[in-house]
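Peer 1: Following this line is query21.cif, made up of mmCIF, C-alpha atoms and all ligand atoms:
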```cif
data_model
loop_
_atom_site.group_PDB
_atom_site.id
_atom_site.type_symbol
_atom_site.label_atom_id
_atom_site.label_comp_id
_atom_site.auth_asym_id
_atom_site.auth_seq_id
_atom_site.Cartn_x
_atom_site.Cartn_y
_atom_site.Cartn_z
ATOM 1 C CA MET L 7 -8.280 2.124 38.004
ATOM 2 C CA SER L 8 -6.487 0.334 35.229
ATOM 3 C CA ALA L 9 -7.847 -1.299 32.082
ATOM 4 C CA GLY L 10 -5.745 -4.449 32.356
ATOM 5 C CA ASP L 11 -5.661 -4.901 36.095
ATOM 6 C CA PRO L 12 -8.460 -3.169 38.064
ATOM 7 C CA THR L 13 -6.485 -3.657 41.281
ATOM 8 C CA LEU L 14 -3.684 -1.317 40.169
ATOM 9 C CA PRO L 15 -3.773 2.094 41.852
ATOM 10 C CA PHE L 16 -3.214 4.161 38.696
ATOM 11 C CA ALA L 17 -4.994 4.673 35.377
ATOM 12 C CA ARG L 18 -3.898 3.383 31.978
ATOM 13 C CA ARG L 19 -5.151 4.451 28.568
ATOM 14 C CA GLY L 20 -6.913 1.669 26.632
ATOM 15 C CA LEU L 21 -5.206 0.100 23.619
ATOM 16 C CA ILE L 22 -6.503 -1.519 20.424
ATOM 17 C CA LEU L 23 -4.968 -4.899 19.611
ATOM 18 C CA ILE L 24 -5.408 -5.317 15.844
ATOM 19 C CA LEU L 25 -5.101 -8.774 14.287
ATOM 20 C CA SER L 26 -4.837 -9.200 10.504
ATOM 21 C CA SER L 27 -3.988 -12.162 8.294
ATOM 22 C CA PRO L 28 -4.938 -13.856 5.080
ATOM 23 C CA SER L 29 -8.227 -15.708 5.383
ATOM 24 C CA GLY L 30 -7.769 -18.942 7.333
ATOM 25 C CA ALA L 31 -4.496 -18.140 9.118
ATOM 26 C CA GLY L 32 -6.255 -18.162 12.488
ATOM 27 C CA LYS L 33 -7.022 -14.630 13.657
ATOM 28 C CA THR L 34 -10.695 -15.287 14.501
ATOM 29 C CA THR L 35 -9.657 -18.320 16.573
ATOM 30 C CA LEU L 36 -7.025 -16.276 18.432
ATOM 31 C CA THR L 37 -9.415 -13.370 18.919
ATOM 32 C CA ARG L 38 -12.024 -15.648 20.441
ATOM 33 C CA LEU L 39 -9.435 -17.267 22.740
ATOM 34 C CA LEU L 40 -8.488 -13.814 24.014
ATOM 35 C CA ALA L 41 -12.141 -12.863 24.494
ATOM 36 C CA GLN L 42 -12.725 -16.062 26.497
ATOM 37 C CA ARG L 43 -10.292 -14.917 29.193
ATOM 38 C CA PRO L 44 -12.315 -12.569 31.442
ATOM 39 C CA GLU L 45 -9.252 -11.711 33.531
ATOM 40 C CA LEU L 46 -7.769 -9.990 30.467
ATOM 41 C CA ASN L 47 -10.702 -7.563 30.524
ATOM 42 C CA LEU L 48 -10.729 -7.186 26.721
ATOM 43 C CA ARG L 49 -13.607 -5.865 24.611
ATOM 44 C CA LEU L 50 -14.085 -7.505 21.223
ATOM 45 C CA SER L 51 -15.094 -5.042 18.507
ATOM 46 C CA ILE L 52 -18.101 -6.413 16.607
ATOM 47 C CA SER L 53 -17.830 -5.396 12.958
ATOM 48 C CA ALA L 54 -20.634 -4.697 10.528
ATOM 49 C CA THR L 55 -20.586 -6.629 7.270
ATOM 50 C CA THR L 56 -22.600 -7.193 4.106
ATOM 51 C CA ARG L 57 -21.300 -10.782 3.854
ATOM 52 C CA LEU L 58 -23.742 -13.668 4.258
ATOM 53 C CA ARG L 59 -23.850 -15.158 7.740
ATOM 54 C CA ARG L 60 -22.039 -18.491 8.164
ATOM 55 C CA ALA L 61 -23.901 -21.389 9.798
ATOM 56 C CA SER L 62 -21.845 -21.049 12.991
ATOM 57 C CA GLU L 63 -22.298 -17.284 13.297
ATOM 58 C CA VAL L 64 -24.848 -15.322 15.312
ATOM 59 C CA ASP L 65 -26.041 -11.876 14.276
ATOM 60 C CA LYS L 66 -24.905 -9.099 16.673
ATOM 61 C CA VAL L 67 -22.517 -11.532 18.408
ATOM 62 C CA HIS L 68 -19.996 -12.307 15.648
ATOM 63 C CA TYR L 69 -20.988 -9.546 13.216
ATOM 64 C CA PHE L 70 -23.775 -7.061 12.597
ATOM 65 C CA PHE L 71 -25.005 -8.556 9.309
ATOM 66 C CA MET L 72 -26.394 -5.811 7.086
ATOM 67 C CA GLU L 73 -27.799 -5.095 3.659
ATOM 68 C CA ARG L 74 -25.391 -3.193 1.420
ATOM 69 C CA ASP L 75 -27.651 -0.088 1.261
ATOM 70 C CA ASP L 76 -27.817 0.131 5.050
ATOM 71 C CA PHE L 77 -24.056 -0.295 5.348
ATOM 72 C CA VAL L 78 -23.416 2.468 2.802
ATOM 73 C CA ALA L 79 -25.888 4.790 4.571
ATOM 74 C CA GLN L 80 -24.162 4.218 7.934
ATOM 75 C CA ARG L 81 -20.757 4.660 6.350
ATOM 76 C CA ASP L 82 -21.839 7.943 4.746
ATOM 77 C CA ARG L 83 -23.095 9.180 8.133
ATOM 78 C CA GLY L 84 -19.556 8.623 9.466
ATOM 79 C CA GLU L 85 -20.618 5.836 11.810
ATOM 80 C CA PHE L 86 -17.582 3.626 11.087
ATOM 81 C CA LEU L 87 -14.137 4.231 12.512
ATOM 82 C CA GLU L 88 -12.814 2.404 9.443
ATOM 83 C CA TRP L 89 -14.306 0.384 6.625
ATOM 84 C CA ALA L 90 -13.115 -1.596 3.597
ATOM 85 C CA GLU L 91 -14.226 -3.886 0.819
ATOM 86 C CA VAL L 92 -12.738 -7.337 1.430
ATOM 87 C CA HIS L 93 -13.377 -10.418 -0.734
ATOM 88 C CA GLY L 94 -16.251 -8.568 -2.424
ATOM 89 C CA ASN L 95 -18.077 -7.640 0.812
ATOM 90 C CA LEU L 96 -18.116 -4.466 2.893
ATOM 91 C CA TYR L 97 -16.824 -4.535 6.471
ATOM 92 C CA GLY L 98 -16.650 -1.743 9.023
ATOM 93 C CA THR L 99 -15.900 -1.066 12.680
ATOM 94 C CA PRO L 100 -18.722 0.807 14.465
ATOM 95 C CA ARG L 101 -17.163 3.977 15.851
ATOM 96 C CA ARG L 102 -19.242 4.609 18.998
ATOM 97 C CA PRO L 103 -18.350 1.432 21.008
ATOM 98 C CA VAL L 104 -14.662 2.016 20.324
ATOM 99 C CA GLU L 105 -14.784 5.608 21.547
ATOM 100 C CA GLN L 106 -16.739 4.560 24.645
ATOM 101 C CA SER L 107 -14.379 1.685 25.467
ATOM 102 C CA LEU L 108 -11.207 3.711 25.044
ATOM 103 C CA ALA L 109 -12.618 6.594 27.076
ATOM 104 C CA ALA L 110 -13.404 4.127 29.881
ATOM 105 C CA GLY L 111 -9.831 2.799 29.695
ATOM 106 C CA HIS L 112 -10.777 -0.612 28.271
ATOM 107 C CA ASP L 113 -8.612 -2.482 25.773
ATOM 108 C CA MET L 114 -10.175 -3.681 22.539
ATOM 109 C CA ILE L 115 -9.450 -6.414 19.963
ATOM 110 C CA PHE L 116 -10.021 -5.739 16.278
ATOM 111 C CA ASP L 117 -10.077 -8.465 13.597
ATOM 112 C CA VAL L 118 -9.722 -6.285 10.487
ATOM 113 C CA ASP L 119 -7.867 -6.442 7.178
ATOM 114 C CA TRP L 120 -4.788 -4.405 6.202
ATOM 115 C CA GLN L 121 -6.888 -1.547 4.752
ATOM 116 C CA GLY L 122 -8.778 -1.135 8.024
ATOM 117 C CA THR L 123 -5.532 -1.378 9.980
ATOM 118 C CA LEU L 124 -4.033 1.532 8.025
ATOM 119 C CA GLN L 125 -7.091 3.687 8.770
ATOM 120 C CA VAL L 126 -7.066 2.901 12.495
ATOM 121 C CA VAL L 127 -3.322 3.524 12.774
ATOM 122 C CA GLU L 128 -3.765 6.862 11.030
ATOM 123 C CA LYS L 129 -6.642 7.925 13.313
ATOM 124 C CA LEU L 130 -5.407 6.458 16.604
ATOM 125 C CA PRO L 131 -1.632 6.075 16.232
ATOM 126 C CA ASP L 132 -0.923 5.947 19.971
ATOM 127 C CA ASP L 133 -3.572 3.344 20.723
ATOM 128 C CA ALA L 134 -3.126 0.792 17.919
ATOM 129 C CA VAL L 135 -0.971 -2.323 18.420
ATOM 130 C CA THR L 136 -0.771 -4.156 15.097
ATOM 131 C CA VAL L 137 -0.206 -7.904 14.755
ATOM 132 C CA PHE L 138 -0.009 -9.866 11.505
ATOM 133 C CA ILE L 139 -0.636 -13.621 11.602
ATOM 134 C CA LEU L 140 1.171 -15.759 9.019
ATOM 135 C CA PRO L 141 0.248 -19.357 8.118
ATOM 136 C CA PRO L 142 3.067 -21.947 8.120
ATOM 137 C CA SER L 143 2.552 -22.567 4.370
ATOM 138 C CA MET L 144 0.077 -21.865 1.599
ATOM 139 C CA ALA L 145 -0.850 -25.570 1.594
ATOM 140 C CA GLU L 146 -1.717 -25.389 5.303
ATOM 141 C CA LEU L 147 -3.704 -22.189 4.721
ATOM 142 C CA LYS L 148 -5.777 -24.005 2.089
ATOM 143 C CA ALA L 149 -6.178 -27.018 4.380
ATOM 144 C CA ARG L 150 -7.402 -24.792 7.244
ATOM 145 C CA LEU L 151 -9.998 -23.104 5.058
ATOM 146 C CA GLU L 152 -11.179 -26.513 3.821
ATOM 147 C CA ARG L 153 -11.234 -28.038 7.310
ATOM 148 C CA ARG L 154 -13.207 -25.051 8.598
ATOM 149 C CA ALA L 155 -15.818 -26.037 5.995
ATOM 150 C CA GLU L 156 -17.782 -22.804 6.409
ATOM 151 C CA ASP L 157 -17.404 -21.364 2.908
ATOM 152 C CA ALA L 158 -18.320 -22.654 -0.557
ATOM 153 C CA PRO L 159 -15.404 -23.955 -2.685
ATOM 154 C CA ALA L 160 -15.582 -20.866 -4.927
ATOM 155 C CA VAL L 161 -15.350 -18.577 -1.882
ATOM 156 C CA ILE L 162 -12.352 -20.535 -0.564
ATOM 157 C CA ALA L 163 -10.680 -20.292 -3.971
ATOM 158 C CA GLY L 164 -11.255 -16.517 -4.041
ATOM 159 C CA ARG L 165 -9.817 -16.094 -0.547
ATOM 160 C CA LEU L 166 -6.747 -18.165 -1.422
ATOM 161 C CA ALA L 167 -6.264 -16.101 -4.573
ATOM 162 C CA ALA L 168 -6.259 -12.931 -2.415
ATOM 163 C CA ALA L 169 -3.928 -14.419 0.223
ATOM 164 C CA ARG L 170 -0.640 -13.509 -1.479
ATOM 165 C CA ASP L 171 -1.597 -9.829 -1.768
ATOM 166 C CA GLU L 172 -2.635 -9.798 1.898
ATOM 167 C CA ILE L 173 0.548 -11.557 3.069
ATOM 168 C CA ALA L 174 2.551 -8.937 1.147
ATOM 169 C CA ARG L 175 1.333 -6.376 3.765
ATOM 170 C CA TRP L 176 3.160 -8.136 6.612
ATOM 171 C CA SER L 177 5.967 -5.600 6.877
ATOM 172 C CA THR L 178 3.664 -2.701 7.821
ATOM 173 C CA TYR L 179 2.744 -4.421 11.125
ATOM 174 C CA GLN L 180 4.506 -3.994 14.473
ATOM 175 C CA TYR L 181 4.409 -7.722 15.322
ATOM 176 C CA VAL L 182 4.382 -10.745 13.002
ATOM 177 C CA LEU L 183 3.447 -14.179 14.376
ATOM 178 C CA LEU L 184 3.815 -17.484 12.581
ATOM 179 C CA ASN L 185 0.744 -19.484 13.610
ATOM 180 C CA ARG L 186 1.970 -23.084 13.625
ATOM 181 C CA ASP L 187 0.959 -24.372 17.046
ATOM 182 C CA LEU L 188 -2.168 -22.549 18.231
ATOM 183 C CA ASP L 189 -1.273 -22.664 21.938
ATOM 184 C CA GLU L 190 2.189 -21.247 21.263
ATOM 185 C CA THR L 191 0.821 -18.446 19.098
ATOM 186 C CA PHE L 192 -1.748 -17.623 21.758
ATOM 187 C CA GLU L 193 0.945 -17.462 24.448
ATOM 188 C CA THR L 194 2.993 -15.098 22.273
ATOM 189 C CA LEU L 195 -0.041 -12.898 21.718
ATOM 190 C CA LEU L 196 -0.629 -12.778 25.475
ATOM 191 C CA ALA L 197 3.003 -11.752 25.982
ATOM 192 C CA ILE L 198 2.590 -8.923 23.455
ATOM 193 C CA LEU L 199 -0.585 -7.713 25.157
ATOM 194 C CA ARG L 200 1.035 -7.782 28.591
ATOM 195 C CA ALA L 201 4.127 -5.934 27.382
ATOM 196 C CA GLU L 202 2.100 -3.305 25.497
ATOM 197 C CA ARG L 203 0.038 -2.670 28.620
ATOM 198 C CA GLN L 204 3.212 -1.841 30.501
ATOM 199 C CA LYS L 205 4.326 0.860 28.052
ATOM 200 C CA ARG L 206 5.125 4.002 30.008
ATOM 201 C CA GLU L 207 3.141 6.273 27.674
ATOM 202 C CA ARG L 208 -0.028 4.235 28.281
ATOM 203 C CA GLN L 209 0.240 4.340 32.060
ATOM 204 C CA VAL L 210 -1.116 7.852 32.337
ATOM 205 C CA GLY L 211 -1.532 7.714 36.105
ATOM 206 C CA LEU L 212 1.992 6.501 36.744
ATOM 207 C CA ALA L 213 3.672 9.883 37.397
ATOM 208 C CA PRO L 214 1.489 10.881 40.390
ATOM 209 C CA PHE L 215 1.787 7.341 41.747
ATOM 210 C CA VAL L 216 5.593 7.483 41.589
ATOM 211 C CA GLU L 217 5.621 10.952 43.176
ATOM 212 C CA GLN L 218 3.550 9.582 46.051
ATOM 213 C CA LEU L 219 5.894 6.592 46.318
ATOM 214 C CA LEU L 220 8.909 8.880 46.608
ATOM 215 C CA VAL L 221 7.486 10.922 49.493
ATOM 216 C CA GLU L 222 6.128 7.943 51.402
ATOM 217 C CA GLN L 223 7.692 7.634 54.855
ATOM 218 C CA ILE L 224 9.198 4.234 55.564
HETATM 219 N N1 LIG P 1 -2.473 -23.100 14.728
HETATM 220 C C1 LIG P 1 -3.484 -23.731 14.100
HETATM 221 N N2 LIG P 1 -3.315 -25.014 13.720
HETATM 222 C C2 LIG P 1 -4.314 -25.681 13.095
HETATM 223 N N3 LIG P 1 -5.514 -25.141 12.783
HETATM 224 C C3 LIG P 1 -5.718 -23.867 13.129
HETATM 225 C C4 LIG P 1 -4.717 -23.084 13.789
HETATM 226 N N4 LIG P 1 -5.206 -21.850 14.000
HETATM 227 C C5 LIG P 1 -6.457 -21.847 13.495
HETATM 228 N N5 LIG P 1 -6.768 -23.046 12.971
HETATM 229 C C6 LIG P 1 -8.012 -23.460 12.300
HETATM 230 O O1 LIG P 1 -7.985 -22.892 11.000
HETATM 231 C C7 LIG P 1 -9.288 -22.527 10.583
HETATM 232 C C8 LIG P 1 -9.268 -21.057 10.183
HETATM 233 O O2 LIG P 1 -9.078 -20.268 11.351
HETATM 234 P P1 LIG P 1 -9.823 -18.880 11.565
HETATM 235 O O3 LIG P 1 -11.265 -19.021 11.223
HETATM 236 O O4 LIG P 1 -9.471 -18.424 12.929
HETATM 237 O O5 LIG P 1 -9.086 -18.030 10.436
HETATM 238 P P2 LIG P 1 -9.211 -16.483 10.095
HETATM 239 O O6 LIG P 1 -7.841 -15.975 9.908
HETATM 240 O O7 LIG P 1 -10.028 -15.785 11.104
HETATM 241 O O8 LIG P 1 -9.984 -16.527 8.706
HETATM 242 P P3 LIG P 1 -11.028 -15.457 8.086
HETATM 243 O O9 LIG P 1 -10.243 -14.249 7.718
HETATM 244 O O10 LIG P 1 -11.571 -16.182 6.914
HETATM 245 O O11 LIG P 1 -12.084 -15.158 9.113
HETATM 246 C C9 LIG P 1 -10.232 -22.832 11.739
HETATM 247 O O12 LIG P 1 -10.881 -24.048 11.486
HETATM 248 C C10 LIG P 1 -9.286 -22.935 12.946
HETATM 249 O O13 LIG P 1 -9.786 -23.841 13.907
HETATM 250 N N1 LIG P 2 -11.438 -3.432 7.336
HETATM 251 C C1 LIG P 2 -12.163 -4.353 7.997
HETATM 252 N N2 LIG P 2 -11.956 -5.662 7.772
HETATM 253 C C2 LIG P 2 -12.683 -6.538 8.488
HETATM 254 C C3 LIG P 2 -13.637 -6.145 9.429
HETATM 255 N N3 LIG P 2 -14.208 -7.254 9.961
HETATM 256 C C4 LIG P 2 -13.599 -8.300 9.382
HETATM 257 N N4 LIG P 2 -12.686 -7.881 8.490
HETATM 258 C C5 LIG P 2 -11.807 -8.677 7.646
HETATM 259 O O1 LIG P 2 -12.536 -9.254 6.581
HETATM 260 C C6 LIG P 2 -11.883 -10.455 6.176
HETATM 261 C C7 LIG P 2 -12.864 -11.554 6.030
HETATM 262 O O2 LIG P 2 -13.488 -11.851 7.250
HETATM 263 P P1 LIG P 2 -14.553 -13.044 7.338
HETATM 264 O O3 LIG P 2 -15.142 -13.005 8.708
HETATM 265 O O4 LIG P 2 -15.553 -12.801 6.254
HETATM 266 O O5 LIG P 2 -13.787 -14.318 7.089
HETATM 267 C C8 LIG P 2 -10.810 -10.744 7.217
HETATM 268 O O6 LIG P 2 -9.556 -10.294 6.684
HETATM 269 C C9 LIG P 2 -11.203 -9.851 8.369
HETATM 270 O O7 LIG P 2 -10.096 -9.443 9.157
HETATM 271 C C10 LIG P 2 -13.818 -4.753 9.648
HETATM 272 O O8 LIG P 2 -14.637 -4.312 10.472
HETATM 273 N N5 LIG P 2 -13.082 -3.904 8.912
#
```
Show me this structure written as structure tokens.
Ligand SMILES: Nc1ncnc2c1ncn2[C@@H]1O[C@H](COP(=O)(O)OP(=O)(O)OP(=O)(O)O)[C@@H](O)[C@H]1O
Ligand SMILES: Nc1nc2c(ncn2[C@@H]2O[C@H](COP(=O)(O)O)[C@@H](O)[C@H]2O)c(=O)[nH]1
Peer 2:
Amino acid sequence: MSAGDPTLPFARRGLILILSSPSGAGKTTLTRLLAQRPELNLRLSISATTRLRRASEVDKVHYFFMERDDFVAQRDRGEFLEWAEVHGNLYGTPRRPVEQSLAAGHDMIFDVDWQGTLQVVEKLPDDAVTVFILPPSMAELKARLERRAEDAPAVIAGRLAAARDEIARWSTYQYVLLNRDLDETFETLLAILRAERQKRERQVGLAPFVEQLLVEQI
């Protein structure tokens, strides 16, 4: 059984596709597009956060919305694979679903900031595939946050003020995508996922399959 293609006759270890960007560059949109493709067989990691829920968001679907005390208690019990303070709120990736998904050979998508990415790469260096999404310009980044119209003007201003520091982290990522045309960026992301799935080291069942292939009588 394989994570990406259940029809393949050999096993593959699951990977974690990590998307990071400054706020508004498009990673949530791309993440959701990936999750909407059942044939990709991807599991979306649902983060916990202390941020207020946006009007378009559903608790336990887009985030586990939590009080700060509860978040800190869970964090101190070691229940997050990674966590960070971002834009004044706490965010964390619940550990258990990740361990279960990887053990079952499923691929996951993470939408986490650069601090979380560093922690995941340190803990799971062989499984993490890191992608940084750049906006075409700072003006377009601002326009996207304003068009999204989900955050108060002061929140948008704070996120724009943080954007330069976040963009400065681009060079620590394996892949960097310039998100101009959404369809093009999505196609590139799909190409990265497909190529990463083919990495020899991930295809743990490949050696016995090849051995069998070599002794097969024609
Ligand atoms: N290539 C694109 N061209 C135009 N608009 C886009 C593009 N990609 C995303 N958007 C729009 O930009 C807005 C911000 O996108 P999105 O919410 O995905 O950003 P984000 O990086 O996840 O931000 P945050 O970190 O705040 O969650 C959305 O309204 C989305 O529809
Ligand atoms: N380190 C983590 N960062 C996370 C996680 N979930 C989301 N994020 C990042 O927070 C900001 C803001 O997100 P928003 O939904 O409030 O706009 C963004 O950079 C996300 O990538 C997480 O679990 N860990």
Peer 1: Which chain L residues have any atom within 10 Å of an atom of ligand LIG 1 (chain P), and for each, what is the nearest pair of atoms with distance in Å to one decimal, counting all atoms listed in the file, rows sorted by chain and number, as CSV?
Peer 2:
```
residue,atom,partner,partner_atom,distance
L:Leu25,CA,P:LIG1,O6,8.9
L:Ser26,CA,P:LIG1,O6,7.4
L:Ser27,CA,P:LIG1,O6,5.7
L:Pro28,CA,P:LIG1,O9,5.9
L:Ser29,CA,P:LIG1,O9,3.4
L:Gly30,CA,P:LIG1,O5,3.5
L:Ala31,CA,P:LIG1,O6,4.1
L:Gly32,CA,P:LIG1,O4,3.3
L:Lys33,CA,P:LIG1,O6,4.1
L:Thr34,CA,P:LIG1,O7,3.5
L:Thr35,CA,P:LIG1,O4,3.7
L:Leu36,CA,P:LIG1,O4,6.4
L:Thr37,CA,P:LIG1,O4,7.8
L:Arg38,CA,P:LIG1,O4,8.4
L:Leu39,CA,P:LIG1,O4,9.9
L:Val92,CA,P:LIG1,O9,9.7
L:His93,CA,P:LIG1,O10,9.7
L:Asp117,CA,P:LIG1,O7,7.7
L:Val118,CA,P:LIG1,O9,8.4
L:Asp119,CA,P:LIG1,O9,8.2
L:Ile139,CA,P:LIG1,O6,7.8
L:Leu140,CA,P:LIG1,O6,9.1
L:Pro141,CA,P:LIG1,N1,8.1
L:Pro142,CA,P:LIG1,N1,8.7
L:Glu146,CA,P:LIG1,C2,8.2
L:Leu147,CA,P:LIG1,O1,7.6
L:Lys148,CA,P:LIG1,O1,9.2
L:Ala149,CA,P:LIG1,O1,8.0
L:Arg150,CA,P:LIG1,O1,4.2
L:Leu151,CA,P:LIG1,C8,5.6
L:Glu152,CA,P:LIG1,O12,8.1
L:Arg153,CA,P:LIG1,O12,5.8
L:Arg154,CA,P:LIG1,O12,3.8
L:Ala155,CA,P:LIG1,O12,7.6
L:Glu156,CA,P:LIG1,O12,8.7
L:Asp157,CA,P:LIG1,O10,8.8
L:Val161,CA,P:LIG1,O10,9.9
L:Ile162,CA,P:LIG1,O10,8.7
L:Arg165,CA,P:LIG1,O10,7.7
L:Leu166,CA,P:LIG1,O10,9.8
L:Ala169,CA,P:LIG1,O9,9.8
L:Leu184,CA,P:LIG1,N1,8.7
L:Asn185,CA,P:LIG1,N1,5.0
L:Arg186,CA,P:LIG1,N1,4.6
L:Asp187,CA,P:LIG1,N1,4.3
L:Leu188,CA,P:LIG1,N1,3.6
L:Asp189,CA,P:LIG1,N1,7.3
L:Glu190,CA,P:LIG1,N1,8.2
L:Thr191,CA,P:LIG1,N1,7.2
L:Phe192,CA,P:LIG1,N1,8.9
```
Peer 1: Can I get the selection written as an mmCIF file, in the frame of the given file, with C-alpha atoms?
Peer 2:
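Written output follows (part.cif):
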```
data_model
loop_
_atom_site.group_PDB
_atom_site.id
_atom_site.type_symbol
_atom_site.label_atom_id
_atom_site.label_comp_id
_atom_site.auth_asym_id
_atom_site.auth_seq_id
_atom_site.Cartn_x
_atom_site.Cartn_y
_atom_site.Cartn_z
ATOM 1 C CA LEU L 25 -5.101 -8.774 14.287
ATOM 2 C CA SER L 26 -4.837 -9.200 10.504
ATOM 3 C CA SER L 27 -3.988 -12.162 8.294
ATOM 4 C CA PRO L 28 -4.938 -13.856 5.080
ATOM 5 C CA SER L 29 -8.227 -15.708 5.383
ATOM 6 C CA GLY L 30 -7.769 -18.942 7.333
ATOM 7 C CA ALA L 31 -4.496 -18.140 9.118
ATOM 8 C CA GLY L 32 -6.255 -18.162 12.488
ATOM 9 C CA LYS L 33 -7.022 -14.630 13.657
ATOM 10 C CA THR L 34 -10.695 -15.287 14.501
ATOM 11 C CA THR L 35 -9.657 -18.320 16.573
ATOM 12 C CA LEU L 36 -7.025 -16.276 18.432
ATOM 13 C CA THR L 37 -9.415 -13.370 18.919
ATOM 14 C CA ARG L 38 -12.024 -15.648 20.441
ATOM 15 C CA LEU L 39 -9.435 -17.267 22.740
ATOM 16 C CA VAL L 92 -12.738 -7.337 1.430
ATOM 17 C CA HIS L 93 -13.377 -10.418 -0.734
ATOM 18 C CA ASP L 117 -10.077 -8.465 13.597
ATOM 19 C CA VAL L 118 -9.722 -6.285 10.487
ATOM 20 C CA ASP L 119 -7.867 -6.442 7.178
ATOM 21 C CA ILE L 139 -0.636 -13.621 11.602
ATOM 22 C CA LEU L 140 1.171 -15.759 9.019
ATOM 23 C CA PRO L 141 0.248 -19.357 8.118
ATOM 24 C CA PRO L 142 3.067 -21.947 8.120
ATOM 25 C CA GLU L 146 -1.717 -25.389 5.303
ATOM 26 C CA LEU L 147 -3.704 -22.189 4.721
ATOM 27 C CA LYS L 148 -5.777 -24.005 2.089
ATOM 28 C CA ALA L 149 -6.178 -27.018 4.380
ATOM 29 C CA ARG L 150 -7.402 -24.792 7.244
ATOM 30 C CA LEU L 151 -9.998 -23.104 5.058
ATOM 31 C CA GLU L 152 -11.179 -26.513 3.821
ATOM 32 C CA ARG L 153 -11.234 -28.038 7.310
ATOM 33 C CA ARG L 154 -13.207 -25.051 8.598
ATOM 34 C CA ALA L 155 -15.818 -26.037 5.995
ATOM 35 C CA GLU L 156 -17.782 -22.804 6.409
ATOM 36 C CA ASP L 157 -17.404 -21.364 2.908
ATOM 37 C CA VAL L 161 -15.350 -18.577 -1.882
ATOM 38 C CA ILE L 162 -12.352 -20.535 -0.564
ATOM 39 C CA ARG L 165 -9.817 -16.094 -0.547
ATOM 40 C CA LEU L 166 -6.747 -18.165 -1.422
ATOM 41 C CA ALA L 169 -3.928 -14.419 0.223
ATOM 42 C CA LEU L 184 3.815 -17.484 12.581
ATOM 43 C CA ASN L 185 0.744 -19.484 13.610
ATOM 44 C CA ARG L 186 1.970 -23.084 13.625
ATOM 45 C CA ASP L 187 0.959 -24.372 17.046
ATOM 46 C CA LEU L 188 -2.168 -22.549 18.231
ATOM 47 C CA ASP L 189 -1.273 -22.664 21.938
ATOM 48 C CA GLU L 190 2.189 -21.247 21.263
ATOM 49 C CA THR L 191 0.821 -18.446 19.098
ATOM 50 C CA PHE L 192 -1.748 -17.623 21.758
#
```
Peer 1: List the neighbours of Leu96 of chain L out to 9 Å using all atoms listed in the file; skip same-chain residues closer than 4 positions along the sequence, and give me the result as a PDB file with C-alpha atoms, keeping the file's coordinate frame.
Peer 2:
```
ATOM      1  CA  ALA L  54     -20.634  -4.697  10.528  1.00  0.00           C
ATOM      2  CA  THR L  55     -20.586  -6.629   7.270  1.00  0.00           C
ATOM      3  CA  THR L  56     -22.600  -7.193   4.106  1.00  0.00           C
ATOM      4  CA  ARG L  57     -21.300 -10.782   3.854  1.00  0.00           C
ATOM      5  CA  ARG L  74     -25.391  -3.193   1.420  1.00  0.00           C
ATOM      6  CA  PHE L  77     -24.056  -0.295   5.348  1.00  0.00           C
ATOM      7  CA  VAL L  78     -23.416   2.468   2.802  1.00  0.00           C
ATOM      8  CA  TRP L  89     -14.306   0.384   6.625  1.00  0.00           C
ATOM      9  CA  ALA L  90     -13.115  -1.596   3.597  1.00  0.00           C
ATOM     10  CA  GLU L  91     -14.226  -3.886   0.819  1.00  0.00           C
ATOM     11  CA  VAL L  92     -12.738  -7.337   1.430  1.00  0.00           C
TER      12      VAL L  92
END
```
Peer 1: Expressed in Å to a single decimal, how great is the separation between atom CA of Gln125 of chain L and atom O8 of ligand LIG 2 (chain P)?
Peer 2: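 Distance between the two atoms: 11.1 Å.
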Peer 1: May I have the residues within 9 Å of Lys66 of chain L as a ChimeraX atom specification, using all atoms listed in the file and disregarding those fewer than 4 positions away in the same chain?
Peer 2: /L:52-54,70-71
Peer 1: Would you mind telling me which residue in L:Thr136, L:Thr123, L:Gln209, L:Thr194 lies nearest to ligand LIG 2 (chain P) when using all atoms listed in the file?
Peer 2: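 Closest residue, counting all atoms listed in the file: L:Thr123.
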Peer 1: Within 9 Å of segment 107-115 of chain L, which residues of segment 31-99 of chain L show up? Give each one with its shortest atom-to-atom distance in Å (one decimal) and the two atoms involved, counting all atoms listed in the file, rows by chain then rising residue number, as a Markdown table.
Peer 2:
```
| residue | atom | partner | partner_atom | distance |
| --- | --- | --- | --- | --- |
| L:Thr37 | CA | L:Ile115 | CA | 7.0 |
| L:Leu40 | CA | L:Ile115 | CA | 8.5 |
| L:Ala41 | CA | L:Ile115 | CA | 8.3 |
| L:Leu46 | CA | L:Asp113 | CA | 8.9 |
| L:Asn47 | CA | L:Asp113 | CA | 7.3 |
| L:Leu48 | CA | L:Asp113 | CA | 5.2 |
| L:Arg49 | CA | L:Met114 | CA | 4.6 |
| L:Leu50 | CA | L:Ile115 | CA | 4.9 |
| L:Ser51 | CA | L:Ile115 | CA | 6.0 |
```
Peer 1: L:Ser62, L:Gly84, L:Arg102, L:Trp120: which is nearest ligand LIG 2 (chain P), counting all atoms listed in the file?
Peer 2: L:Trp120
Peer 1: Return the single residue from L:Met72, L:Val64, L:Glu172, L:Ala17 that is closest to ligand LIG 2 (chain P), with distances computed using all atoms listed in the file.
Peer 2: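 Among the listed residues, L:Glu172 lies closest to ligand LIG 2 (chain P).
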Peer 1: For a test of reading the model, state the distance in Å between atom CA of Leu23 of chain L and atom CA of Phe116 of chain L, rounded to one decimal.
Peer 2: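 So the answer is 6.1 Å.
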Peer 1: Given the file shown, determine the residues that the PyMOL selection byres (((chain L and resi 86) around 8) and not hetatm) selects; report them as a list in words.
Peer 2: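 With the PyMOL selection byres (((chain L and resi 86) around 8) and not hetatm) on this model, the match is Gln80, Arg81, Gly84, Glu85, Leu87, Glu88, Trp89, Gly98, Thr99, Pro100 and Arg101 of chain L.
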